[in-house]
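Text of the file run_2.csv, holding CSV, N, CA and C atoms:
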```
chain,number,residue,atom,x,y,z
A,431,GLN,N,0.8,-1.2,0.0
A,431,GLN,CA,0.0,0.0,0.0
A,431,GLN,C,0.9,1.3,0.0
A,432,LEU,N,0.3,2.3,-0.6
A,432,LEU,CA,1.0,3.6,-0.6
A,432,LEU,C,0.4,4.5,0.5
A,433,VAL,N,1.3,5.3,1.1
A,433,VAL,CA,0.9,6.2,2.2
A,433,VAL,C,1.4,7.6,1.9
A,434,GLU,N,0.5,8.5,1.9
A,434,GLU,CA,0.8,9.9,1.6
A,434,GLU,C,0.9,10.7,3.0
A,435,SER,N,1.7,11.7,3.0
A,435,SER,CA,1.8,12.5,4.2
A,435,SER,C,2.3,13.9,3.8
A,436,GLY,N,2.2,14.9,4.7
A,436,GLY,CA,2.7,16.2,4.4
A,436,GLY,C,1.6,17.2,4.1
A,437,GLY,N,0.4,16.8,3.9
A,437,GLY,CA,-0.6,17.8,3.6
A,437,GLY,C,-0.9,18.7,4.9
A,438,GLY,N,-1.8,19.7,4.7
A,438,GLY,CA,-2.1,20.5,5.8
A,438,GLY,C,-2.7,21.8,5.3
A,439,LEU,N,-2.8,22.8,6.2
A,439,LEU,CA,-3.4,24.1,5.9
A,439,LEU,C,-2.2,25.1,5.7
A,440,VAL,N,-2.3,25.8,4.6
A,440,VAL,CA,-1.2,26.8,4.3
A,440,VAL,C,-1.9,28.0,3.6
A,441,GLN,N,-1.2,29.1,3.9
A,441,GLN,CA,-1.7,30.4,3.3
A,441,GLN,C,-1.4,30.5,1.8
A,442,PRO,N,-2.1,31.2,1.0
A,442,PRO,CA,-1.7,31.4,-0.4
A,442,PRO,C,-0.3,31.9,-0.5
A,443,GLY,N,0.4,31.4,-1.4
A,443,GLY,CA,1.8,31.7,-1.6
A,443,GLY,C,2.8,30.8,-0.8
A,444,GLY,N,2.2,30.0,0.1
A,444,GLY,CA,3.0,29.2,0.9
A,444,GLY,C,3.5,27.9,0.2
A,445,SER,N,4.1,27.0,1.0
A,445,SER,CA,4.7,25.8,0.4
A,445,SER,C,4.3,24.6,1.3
A,446,LEU,N,4.3,23.4,0.6
A,446,LEU,CA,4.1,22.2,1.3
A,446,LEU,C,5.0,21.1,0.6
A,447,ARG,N,5.4,20.1,1.3
A,447,ARG,CA,6.2,19.0,0.7
A,447,ARG,C,5.5,17.7,1.1
A,448,LEU,N,4.9,17.1,0.1
A,448,LEU,CA,4.2,15.9,0.2
A,448,LEU,C,5.2,14.7,0.1
A,449,THR,N,4.9,13.6,0.8
A,449,THR,CA,5.7,12.4,0.7
A,449,THR,C,4.8,11.2,0.4
A,450,CYS,N,5.3,10.4,-0.4
A,450,CYS,CA,4.7,9.1,-0.7
A,450,CYS,C,5.6,8.0,-0.3
A,451,ALA,N,5.2,7.2,0.6
A,451,ALA,CA,5.9,6.0,1.0
A,451,ALA,C,5.1,4.8,0.8
A,452,ALA,N,5.8,3.6,0.9
A,452,ALA,CA,5.2,2.3,0.6
A,452,ALA,C,5.3,1.4,1.8
A,453,SER,N,4.2,0.7,2.0
A,453,SER,CA,4.2,-0.4,3.0
A,453,SER,C,3.9,-1.7,2.3
A,454,GLY,N,5.0,-2.6,2.3
A,454,GLY,CA,4.8,-3.9,1.7
A,454,GLY,C,4.9,-3.8,0.2
A,455,LEU,N,5.4,-2.7,-0.4
A,455,LEU,CA,5.4,-2.6,-1.8
A,455,LEU,C,6.8,-1.9,-2.1
A,456,PRO,N,7.5,-2.5,-3.1
A,456,PRO,CA,8.8,-2.0,-3.5
A,456,PRO,C,8.6,-0.7,-4.3
A,457,LEU,N,8.5,0.4,-3.7
A,457,LEU,CA,8.2,1.7,-4.4
A,457,LEU,C,9.2,1.9,-5.6
A,458,ASN,N,10.4,1.6,-5.3
A,458,ASN,CA,11.5,1.8,-6.3
A,458,ASN,C,11.3,1.0,-7.6
A,459,ASP,N,10.4,0.1,-7.6
A,459,ASP,CA,10.1,-0.7,-8.8
A,459,ASP,C,9.0,-0.1,-9.7
A,460,TYR,N,8.5,1.1,-9.3
A,460,TYR,CA,7.4,1.7,-10.1
A,460,TYR,C,7.7,3.1,-10.4
A,461,ALA,N,7.1,3.5,-11.6
A,461,ALA,CA,7.0,5.0,-11.8
A,461,ALA,C,5.9,5.4,-10.8
A,462,ILE,N,6.0,6.7,-10.3
A,462,ILE,CA,5.1,7.2,-9.3
A,462,ILE,C,4.5,8.5,-9.8
A,463,ALA,N,3.2,8.7,-9.6
A,463,ALA,CA,2.6,9.9,-10.0
A,463,ALA,C,1.8,10.5,-8.8
A,464,TRP,N,1.6,11.8,-8.8
A,464,TRP,CA,0.7,12.4,-7.9
A,464,TRP,C,-0.5,12.9,-8.7
A,465,PHE,N,-1.7,12.6,-8.1
A,465,PHE,CA,-3.0,13.1,-8.7
A,465,PHE,C,-3.6,13.9,-7.6
A,466,ARG,N,-4.6,14.7,-8.0
A,466,ARG,CA,-5.4,15.4,-7.0
A,466,ARG,C,-6.9,15.4,-7.3
A,467,GLN,N,-7.6,15.5,-6.3
A,467,GLN,CA,-9.1,15.7,-6.5
A,467,GLN,C,-9.5,17.0,-5.8
A,468,THR,N,-9.8,17.9,-6.6
A,468,THR,CA,-10.2,19.3,-6.1
A,468,THR,C,-11.7,19.4,-6.2
A,469,PRO,N,-12.3,20.3,-5.4
A,469,PRO,CA,-13.7,20.4,-5.3
A,469,PRO,C,-14.3,20.7,-6.7
A,470,GLY,N,-15.3,19.9,-7.1
A,470,GLY,CA,-16.0,20.2,-8.3
A,470,GLY,C,-15.3,19.7,-9.6
A,471,LYS,N,-14.2,19.0,-9.4
A,471,LYS,CA,-13.5,18.6,-10.6
A,471,LYS,C,-13.1,17.1,-10.5
A,472,GLU,N,-12.9,16.5,-11.6
A,472,GLU,CA,-12.5,15.1,-11.6
A,472,GLU,C,-11.0,15.0,-11.2
A,473,ARG,N,-10.6,13.8,-10.8
A,473,ARG,CA,-9.3,13.6,-10.4
A,473,ARG,C,-8.3,13.9,-11.6
A,474,GLU,N,-7.3,14.6,-11.3
A,474,GLU,CA,-6.4,15.1,-12.4
A,474,GLU,C,-4.9,14.8,-12.0
A,475,GLY,N,-4.1,14.5,-13.0
A,475,GLY,CA,-2.7,14.2,-12.8
A,475,GLY,C,-2.0,15.5,-12.5
A,476,VAL,N,-1.0,15.5,-11.6
A,476,VAL,CA,-0.2,16.6,-11.2
A,476,VAL,C,1.2,16.5,-11.7
A,477,SER,N,1.8,15.3,-11.4
A,477,SER,CA,3.2,15.1,-11.8
A,477,SER,C,3.5,13.6,-11.7
A,478,SER,N,4.5,13.2,-12.5
A,478,SER,CA,5.0,11.8,-12.4
A,478,SER,C,6.5,11.8,-12.6
A,479,ILE,N,7.0,10.7,-12.1
A,479,ILE,CA,8.5,10.5,-12.1
A,479,ILE,C,8.8,9.0,-12.5
A,480,SER,N,9.8,8.8,-13.3
A,480,SER,CA,10.1,7.4,-13.7
A,480,SER,C,10.7,6.7,-12.5
A,481,GLN,N,10.8,5.4,-12.7
A,481,GLN,CA,11.4,4.5,-11.7
A,481,GLN,C,12.9,4.9,-11.4
A,482,SER,N,13.6,5.3,-12.4
A,482,SER,CA,15.0,5.8,-12.3
A,482,SER,C,15.1,7.2,-11.7
A,483,GLY,N,14.0,7.9,-11.8
A,483,GLY,CA,14.1,9.3,-11.3
A,483,GLY,C,14.5,10.3,-12.4
A,484,ALA,N,14.9,9.8,-13.5
A,484,ALA,CA,15.5,10.6,-14.5
A,484,ALA,C,14.5,11.4,-15.4
A,485,ASN,N,13.3,10.9,-15.4
A,485,ASN,CA,12.3,11.5,-16.3
A,485,ASN,C,11.0,11.9,-15.5
A,486,THR,N,10.6,13.1,-15.7
A,486,THR,CA,9.4,13.6,-15.0
A,486,THR,C,8.4,14.3,-16.0
A,487,ARG,N,7.2,14.4,-15.5
A,487,ARG,CA,6.1,15.1,-16.2
A,487,ARG,C,5.4,16.0,-15.3
A,488,TYR,N,4.9,17.1,-15.8
A,488,TYR,CA,4.1,18.0,-15.0
A,488,TYR,C,2.8,18.4,-15.8
A,489,ALA,N,1.7,18.6,-15.0
A,489,ALA,CA,0.6,19.2,-15.6
A,489,ALA,C,0.9,20.7,-15.8
A,490,ASP,N,0.2,21.3,-16.7
A,490,ASP,CA,0.5,22.7,-17.0
A,490,ASP,C,0.4,23.6,-15.7
A,491,PHE,N,-0.6,23.3,-14.9
A,491,PHE,CA,-0.8,24.1,-13.7
A,491,PHE,C,0.3,24.0,-12.7
A,492,ALA,N,1.1,22.9,-12.8
A,492,ALA,CA,2.1,22.6,-11.8
A,492,ALA,C,3.5,23.1,-12.3
A,493,LYS,N,3.7,23.3,-13.6
A,493,LYS,CA,5.0,23.7,-14.1
A,493,LYS,C,5.4,25.0,-13.5
A,494,GLY,N,6.7,25.0,-13.0
A,494,GLY,CA,7.2,26.2,-12.4
A,494,GLY,C,6.9,26.4,-10.9
A,495,ARG,N,6.0,25.6,-10.4
A,495,ARG,CA,5.6,25.7,-9.0
A,495,ARG,C,5.9,24.4,-8.2
A,496,PHE,N,5.7,23.3,-8.9
A,496,PHE,CA,5.8,22.0,-8.2
A,496,PHE,C,7.0,21.3,-8.7
A,497,THR,N,7.6,20.5,-7.8
A,497,THR,CA,8.8,19.7,-8.2
A,497,THR,C,8.6,18.3,-7.6
A,498,ILE,N,8.8,17.3,-8.5
A,498,ILE,CA,8.7,15.9,-8.0
A,498,ILE,C,10.1,15.3,-8.0
A,499,ASP,N,10.4,14.6,-7.0
A,499,ASP,CA,11.7,13.9,-6.9
A,499,ASP,C,11.5,12.6,-6.1
A,500,ARG,N,12.5,11.7,-6.2
A,500,ARG,CA,12.4,10.5,-5.4
A,500,ARG,C,13.7,10.2,-4.8
A,501,ASP,N,13.6,9.6,-3.6
A,501,ASP,CA,14.8,9.2,-2.9
A,501,ASP,C,14.9,7.7,-2.9
A,502,LEU,N,15.7,7.1,-3.8
A,502,LEU,CA,15.8,5.7,-3.9
A,502,LEU,C,16.3,5.0,-2.7
A,503,ALA,N,17.1,5.7,-1.9
A,503,ALA,CA,17.6,5.1,-0.7
A,503,ALA,C,16.5,5.0,0.4
A,504,GLU,N,15.7,6.0,0.4
A,504,GLU,CA,14.6,6.0,1.4
A,504,GLU,C,13.3,5.4,0.9
A,505,ASN,N,13.3,5.0,-0.4
A,505,ASN,CA,12.1,4.4,-1.0
A,505,ASN,C,10.9,5.3,-0.9
A,506,THR,N,11.1,6.6,-1.2
A,506,THR,CA,10.0,7.6,-1.1
A,506,THR,C,10.0,8.5,-2.3
A,507,VAL,N,8.9,9.1,-2.6
A,507,VAL,CA,8.7,10.1,-3.6
A,507,VAL,C,8.1,11.4,-3.0
A,508,HIS,N,8.6,12.5,-3.4
A,508,HIS,CA,8.2,13.8,-2.8
A,508,HIS,C,7.6,14.7,-3.9
A,509,LEU,N,6.7,15.5,-3.4
A,509,LEU,CA,6.1,16.6,-4.3
A,509,LEU,C,6.3,17.9,-3.5
A,510,GLN,N,7.2,18.7,-4.0
A,510,GLN,CA,7.4,20.0,-3.4
A,510,GLN,C,6.5,21.0,-4.1
A,511,MET,N,5.6,21.6,-3.3
A,511,MET,CA,4.7,22.5,-3.9
A,511,MET,C,4.9,23.9,-3.4
A,512,ASN,N,5.2,24.9,-4.2
A,512,ASN,CA,5.5,26.2,-3.9
A,512,ASN,C,4.5,27.2,-4.5
A,513,SER,N,4.4,28.4,-4.0
A,513,SER,CA,3.5,29.4,-4.5
A,513,SER,C,2.1,28.8,-4.6
A,514,LEU,N,1.6,28.2,-3.6
A,514,LEU,CA,0.3,27.6,-3.6
A,514,LEU,C,-0.8,28.6,-3.7
A,515,LYS,N,-1.9,28.1,-4.4
A,515,LYS,CA,-3.0,29.0,-4.6
A,515,LYS,C,-4.3,28.3,-4.0
A,516,PRO,N,-5.3,29.1,-3.8
A,516,PRO,CA,-6.5,28.5,-3.2
A,516,PRO,C,-7.1,27.4,-4.1
A,517,GLU,N,-6.9,27.5,-5.4
A,517,GLU,CA,-7.4,26.4,-6.3
A,517,GLU,C,-6.6,25.2,-6.3
A,518,ASP,N,-5.5,25.2,-5.6
A,518,ASP,CA,-4.7,23.9,-5.3
A,518,ASP,C,-5.3,23.1,-4.2
A,519,THR,N,-6.3,23.6,-3.5
A,519,THR,CA,-6.9,22.9,-2.4
A,519,THR,C,-7.6,21.6,-2.9
A,520,GLY,N,-7.3,20.5,-2.2
A,520,GLY,CA,-7.9,19.2,-2.6
A,520,GLY,C,-7.2,18.1,-1.9
A,521,ASN,N,-7.6,16.9,-2.3
A,521,ASN,CA,-6.9,15.7,-1.7
A,521,ASN,C,-5.9,15.2,-2.7
A,522,TYR,N,-4.7,15.0,-2.3
A,522,TYR,CA,-3.6,14.6,-3.1
A,522,TYR,C,-3.2,13.1,-2.9
A,523,TYR,N,-3.2,12.4,-4.0
A,523,TYR,CA,-2.9,11.0,-3.9
A,523,TYR,C,-1.6,10.6,-4.7
A,524,CYS,N,-0.9,9.7,-4.2
A,524,CYS,CA,0.2,9.1,-5.0
A,524,CYS,C,-0.3,7.7,-5.6
A,525,ALA,N,0.3,7.4,-6.7
A,525,ALA,CA,-0.1,6.1,-7.4
A,525,ALA,C,1.1,5.5,-8.1
A,526,ALA,N,1.1,4.2,-8.1
A,526,ALA,CA,2.2,3.5,-8.7
A,526,ALA,C,1.8,2.9,-10.0
A,527,TYR,N,2.8,2.9,-11.0
A,527,TYR,CA,2.5,2.5,-12.4
A,527,TYR,C,3.7,1.6,-12.8
A,528,SER,N,3.4,0.4,-13.4
A,528,SER,CA,4.4,-0.5,-13.9
A,528,SER,C,4.8,0.0,-15.3
A,529,THR,N,6.1,0.2,-15.5
A,529,THR,CA,6.6,0.6,-16.9
A,529,THR,C,8.1,0.4,-16.9
A,530,LEU,N,8.7,0.7,-18.0
A,530,LEU,CA,10.1,0.6,-18.1
A,530,LEU,C,10.8,1.6,-17.1
A,531,PRO,N,12.0,1.3,-16.7
A,531,PRO,CA,12.7,2.1,-15.6
A,531,PRO,C,12.8,3.6,-16.0
A,532,THR,N,13.0,3.9,-17.3
A,532,THR,CA,13.2,5.3,-17.7
A,532,THR,C,12.0,6.0,-18.1
A,533,MET,N,10.8,5.3,-18.1
A,533,MET,CA,9.6,6.0,-18.5
A,533,MET,C,8.8,6.5,-17.4
A,534,SER,N,8.4,7.8,-17.5
A,534,SER,CA,7.5,8.3,-16.5
A,534,SER,C,6.1,7.9,-16.9
A,535,SER,N,5.1,8.1,-16.0
A,535,SER,CA,3.8,7.5,-16.2
A,535,SER,C,2.9,8.6,-16.7
A,536,PRO,N,1.8,8.1,-17.4
A,536,PRO,CA,0.8,9.1,-17.9
A,536,PRO,C,0.0,9.8,-16.9
A,537,LEU,N,-0.2,11.1,-17.1
A,537,LEU,CA,-1.0,11.9,-16.1
A,537,LEU,C,-2.5,11.9,-16.5
A,538,SER,N,-2.8,11.4,-17.7
A,538,SER,CA,-4.2,11.5,-18.2
A,538,SER,C,-5.0,10.2,-18.1
A,539,ASP,N,-4.4,9.2,-17.5
A,539,ASP,CA,-5.1,7.9,-17.4
A,539,ASP,C,-5.0,7.3,-16.0
A,540,PRO,N,-5.7,7.8,-15.0
A,540,PRO,CA,-5.5,7.3,-13.6
A,540,PRO,C,-6.0,5.9,-13.5
A,541,ASP,N,-6.9,5.4,-14.4
A,541,ASP,CA,-7.3,4.0,-14.3
A,541,ASP,C,-6.2,3.0,-14.6
A,542,SER,N,-5.2,3.4,-15.2
A,542,SER,CA,-4.1,2.5,-15.6
A,542,SER,C,-3.1,2.2,-14.5
A,543,TYR,N,-3.3,2.9,-13.4
A,543,TYR,CA,-2.3,2.8,-12.3
A,543,TYR,C,-2.6,1.5,-11.4
A,544,ASP,N,-1.6,0.9,-10.9
A,544,ASP,CA,-1.7,-0.3,-10.2
A,544,ASP,C,-2.1,-0.2,-8.7
A,545,PHE,N,-1.5,0.8,-8.0
A,545,PHE,CA,-1.7,1.0,-6.6
A,545,PHE,C,-2.0,2.4,-6.3
A,546,TRP,N,-2.8,2.7,-5.3
A,546,TRP,CA,-3.1,4.0,-4.8
A,546,TRP,C,-3.0,4.1,-3.3
A,547,GLY,N,-2.7,5.4,-2.9
A,547,GLY,CA,-2.8,5.7,-1.5
A,547,GLY,C,-4.1,6.2,-1.1
A,548,GLN,N,-4.3,6.6,0.1
A,548,GLN,CA,-5.6,7.1,0.6
A,548,GLN,C,-5.7,8.6,0.5
A,549,GLY,N,-4.6,9.2,0.2
A,549,GLY,CA,-4.6,10.7,0.0
A,549,GLY,C,-4.2,11.5,1.2
A,550,THR,N,-3.8,12.7,1.0
A,550,THR,CA,-3.5,13.7,2.0
A,550,THR,C,-4.2,15.0,1.6
A,551,GLN,N,-4.8,15.6,2.6
A,551,GLN,CA,-5.6,16.8,2.3
A,551,GLN,C,-4.7,18.1,2.3
A,552,VAL,N,-4.8,18.9,1.2
A,552,VAL,CA,-4.1,20.2,1.1
A,552,VAL,C,-5.2,21.2,1.1
A,553,THR,N,-5.0,22.2,2.0
A,553,THR,CA,-6.0,23.3,2.0
A,553,THR,C,-5.2,24.6,2.0
A,554,VAL,N,-5.5,25.4,0.9
A,554,VAL,CA,-4.8,26.7,0.8
A,554,VAL,C,-5.8,27.8,1.0
A,555,SER,N,-5.6,28.5,2.1
A,555,SER,CA,-6.6,29.5,2.5
A,555,SER,C,-6.0,30.5,3.5
A,556,SER,N,-6.5,31.7,3.4
A,556,SER,CA,-6.0,32.7,4.3
A,556,SER,C,-6.9,32.8,5.5
```

Structure rendered as structure tokens:
Amino acid sequence: QLVESGGGLVQPGGSLRLTCAASGLPLNDYAIAWFRQTPGKEREGVSSISQSGANTRYADFAKGRFTIDRDLAENTVHLQMNSLKPEDTGNYYCAAYSTLPTMSSPLSDPDSYDFWGQGTQVTVSS
């Protein structure tokens, strides 16, 4: 199972660092993505990173503000979120995807992912 942490309440313009860890799952064997469910919208992809960590993808709204990275030694994946906006409020999930080590995973097809966490809530409000 995947476990997300790091969510919370932050003021607009603030930052949060989300962490995805695994319990009983070799996280390093998968490409990992972050998705979010924001009020009134369908689940959408935020960012993904390849198994090797060399390749990443970002949704347009995340480019320039969010950074994904993974710590192979710690078996974790992080999402650094800066310049947060109220519209970033939502539940953030990490998900694991089987693919080649150098391939990042698609952000447009959440149904293709193998494992999901329960999510961590991010609230951006003054």

Q: Skip Ile462 of chain A itself and residues of its chain fewer than 5 positions away, then list as a list in words all residues within 6 Å of it, counting all atoms listed in the file.
A: Ser477, Ser478, Ile479, Ser480, Gln481, Ala525, Ala526, Tyr527 and Ser535 of chain A

Q: Go ahead and find all residues with at least one atom no further than 12 Å from (4.3, 9.9, -2.7) in the file's coordinates, using only C-alpha atoms; report them as a VMD selection string.
A: chain A and resid 431 to 437 447 to 453 457 to 458 460 to 466 476 to 479 498 to 501 504 to 510 522 to 526 545 to 550

Q. Any idea what the distance is between atom N of Pro516 of chain A and atom C of Ala489 of chain A?
A. 15.9 Å

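Here the residues within segment 525-555 of chain A that DSSP labels strand (DSSP E or B) on the basis of the backbone are A:Ala525, A:Ala526, A:Tyr527, A:Phe545, A:Trp546, A:Gly547, A:Thr550, A:Gln551, A:Val552, A:Thr553, A:Val554.
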
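The gap separating atom CA of Gly494 of chain A from atom CA of Tyr543 of chain A is 25.3 Å, in Å to one decimal.
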
Q. Between atom CA of Pro469 of chain A and atom CA of Ser513 of chain A, what is the spacing in Å?
A. 19.4 Å

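Counting only N, CA and C atoms, the residue from A:Leu502, A:Val554, A:Leu537, A:Ala484 that sits nearest to Glu517 of chain A is A:Val554.
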
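Closest approach to Asp459 of chain A among A:Gly444, A:Gly520, A:Pro531, A:Pro536 is made by A:Pro531 (distances from only N, CA and C atoms).
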
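Looking only at chain A, the set that DSSP places in helix (DSSP H, G or I) from backbone geometry is Leu457, Asn458, Asp459, Pro516, Glu517, Asp518, Pro540, Asp541 and Ser542 of chain A.
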
Incomplete segment 443-453 of chain A brought to all heavy atoms, written out as an mmCIF file, in the frame of the given file:
```cif
data_model
loop_
_atom_site.group_PDB
_atom_site.id
_atom_site.type_symbol
_atom_site.label_atom_id
_atom_site.label_comp_id
_atom_site.auth_asym_id
_atom_site.auth_seq_id
_atom_site.Cartn_x
_atom_site.Cartn_y
_atom_site.Cartn_z
ATOM 1 N N GLY A 443 0.400 31.400 -1.400
ATOM 2 C CA GLY A 443 1.800 31.700 -1.600
ATOM 3 C C GLY A 443 2.800 30.800 -0.800
ATOM 4 O O GLY A 443 3.987 30.913 -0.978
ATOM 5 N N GLY A 444 2.200 30.000 0.100
ATOM 6 C CA GLY A 444 3.000 29.200 0.900
ATOM 7 C C GLY A 444 3.500 27.900 0.200
ATOM 8 O O GLY A 444 3.187 27.688 -0.984
ATOM 9 N N SER A 445 4.100 27.000 1.000
ATOM 10 C CA SER A 445 4.700 25.800 0.400
ATOM 11 C C SER A 445 4.300 24.600 1.300
ATOM 12 O O SER A 445 4.122 24.712 2.485
ATOM 13 C CB SER A 445 6.200 25.882 0.314
ATOM 14 O OG SER A 445 6.603 26.926 -0.529
ATOM 15 N N LEU A 446 4.300 23.400 0.600
ATOM 16 C CA LEU A 446 4.100 22.200 1.300
ATOM 17 C C LEU A 446 5.000 21.100 0.600
ATOM 18 O O LEU A 446 5.165 21.235 -0.646
ATOM 19 C CB LEU A 446 2.658 21.687 1.314
ATOM 20 C CG LEU A 446 1.687 22.366 2.274
ATOM 21 C CD1 LEU A 446 0.266 21.861 2.012
ATOM 22 C CD2 LEU A 446 2.071 22.118 3.722
ATOM 23 N N ARG A 447 5.400 20.100 1.300
ATOM 24 C CA ARG A 447 6.200 19.000 0.700
ATOM 25 C C ARG A 447 5.500 17.700 1.100
ATOM 26 O O ARG A 447 5.393 17.346 2.222
ATOM 27 C CB ARG A 447 7.603 19.025 1.233
ATOM 28 C CG ARG A 447 8.494 17.945 0.612
ATOM 29 C CD ARG A 447 9.933 18.163 1.022
ATOM 30 N NE ARG A 447 10.865 17.133 0.608
ATOM 31 C CZ ARG A 447 11.400 17.035 -0.618
ATOM 32 N NH1 ARG A 447 11.078 17.917 -1.543
ATOM 33 N NH2 ARG A 447 12.263 16.073 -0.889
ATOM 34 N N LEU A 448 4.900 17.100 0.100
ATOM 35 C CA LEU A 448 4.200 15.900 0.200
ATOM 36 C C LEU A 448 5.200 14.700 0.100
ATOM 37 O O LEU A 448 6.102 14.768 -0.730
ATOM 38 C CB LEU A 448 3.057 15.732 -0.783
ATOM 39 C CG LEU A 448 2.045 16.875 -0.837
ATOM 40 C CD1 LEU A 448 0.944 16.536 -1.830
ATOM 41 C CD2 LEU A 448 1.486 17.194 0.529
ATOM 42 N N THR A 449 4.900 13.600 0.800
ATOM 43 C CA THR A 449 5.700 12.400 0.700
ATOM 44 C C THR A 449 4.800 11.200 0.400
ATOM 45 O O THR A 449 3.751 11.093 1.021
ATOM 46 C CB THR A 449 6.482 12.221 2.035
ATOM 47 O OG1 THR A 449 7.394 13.294 2.229
ATOM 48 C CG2 THR A 449 7.271 10.918 2.003
ATOM 49 N N CYS A 450 5.300 10.400 -0.400
ATOM 50 C CA CYS A 450 4.700 9.100 -0.700
ATOM 51 C C CYS A 450 5.600 8.000 -0.300
ATOM 52 O O CYS A 450 6.749 7.959 -0.769
ATOM 53 C CB CYS A 450 4.360 9.014 -2.224
ATOM 54 S SG CYS A 450 3.631 7.447 -2.749
ATOM 55 N N ALA A 451 5.200 7.200 0.600
ATOM 56 C CA ALA A 451 5.900 6.000 1.000
ATOM 57 C C ALA A 451 5.100 4.800 0.800
ATOM 58 O O ALA A 451 3.947 4.809 0.530
ATOM 59 C CB ALA A 451 6.288 6.186 2.522
ATOM 60 N N ALA A 452 5.800 3.600 0.900
ATOM 61 C CA ALA A 452 5.200 2.300 0.600
ATOM 62 C C ALA A 452 5.300 1.400 1.800
ATOM 63 O O ALA A 452 6.257 1.396 2.543
ATOM 64 C CB ALA A 452 5.798 1.695 -0.569
ATOM 65 N N SER A 453 4.200 0.700 2.000
ATOM 66 C CA SER A 453 4.200 -0.400 3.000
ATOM 67 C C SER A 453 3.900 -1.700 2.300
ATOM 68 O O SER A 453 2.861 -1.930 1.764
ATOM 69 C CB SER A 453 3.061 -0.080 4.030
ATOM 70 O OG SER A 453 2.921 -1.142 4.954
#
```
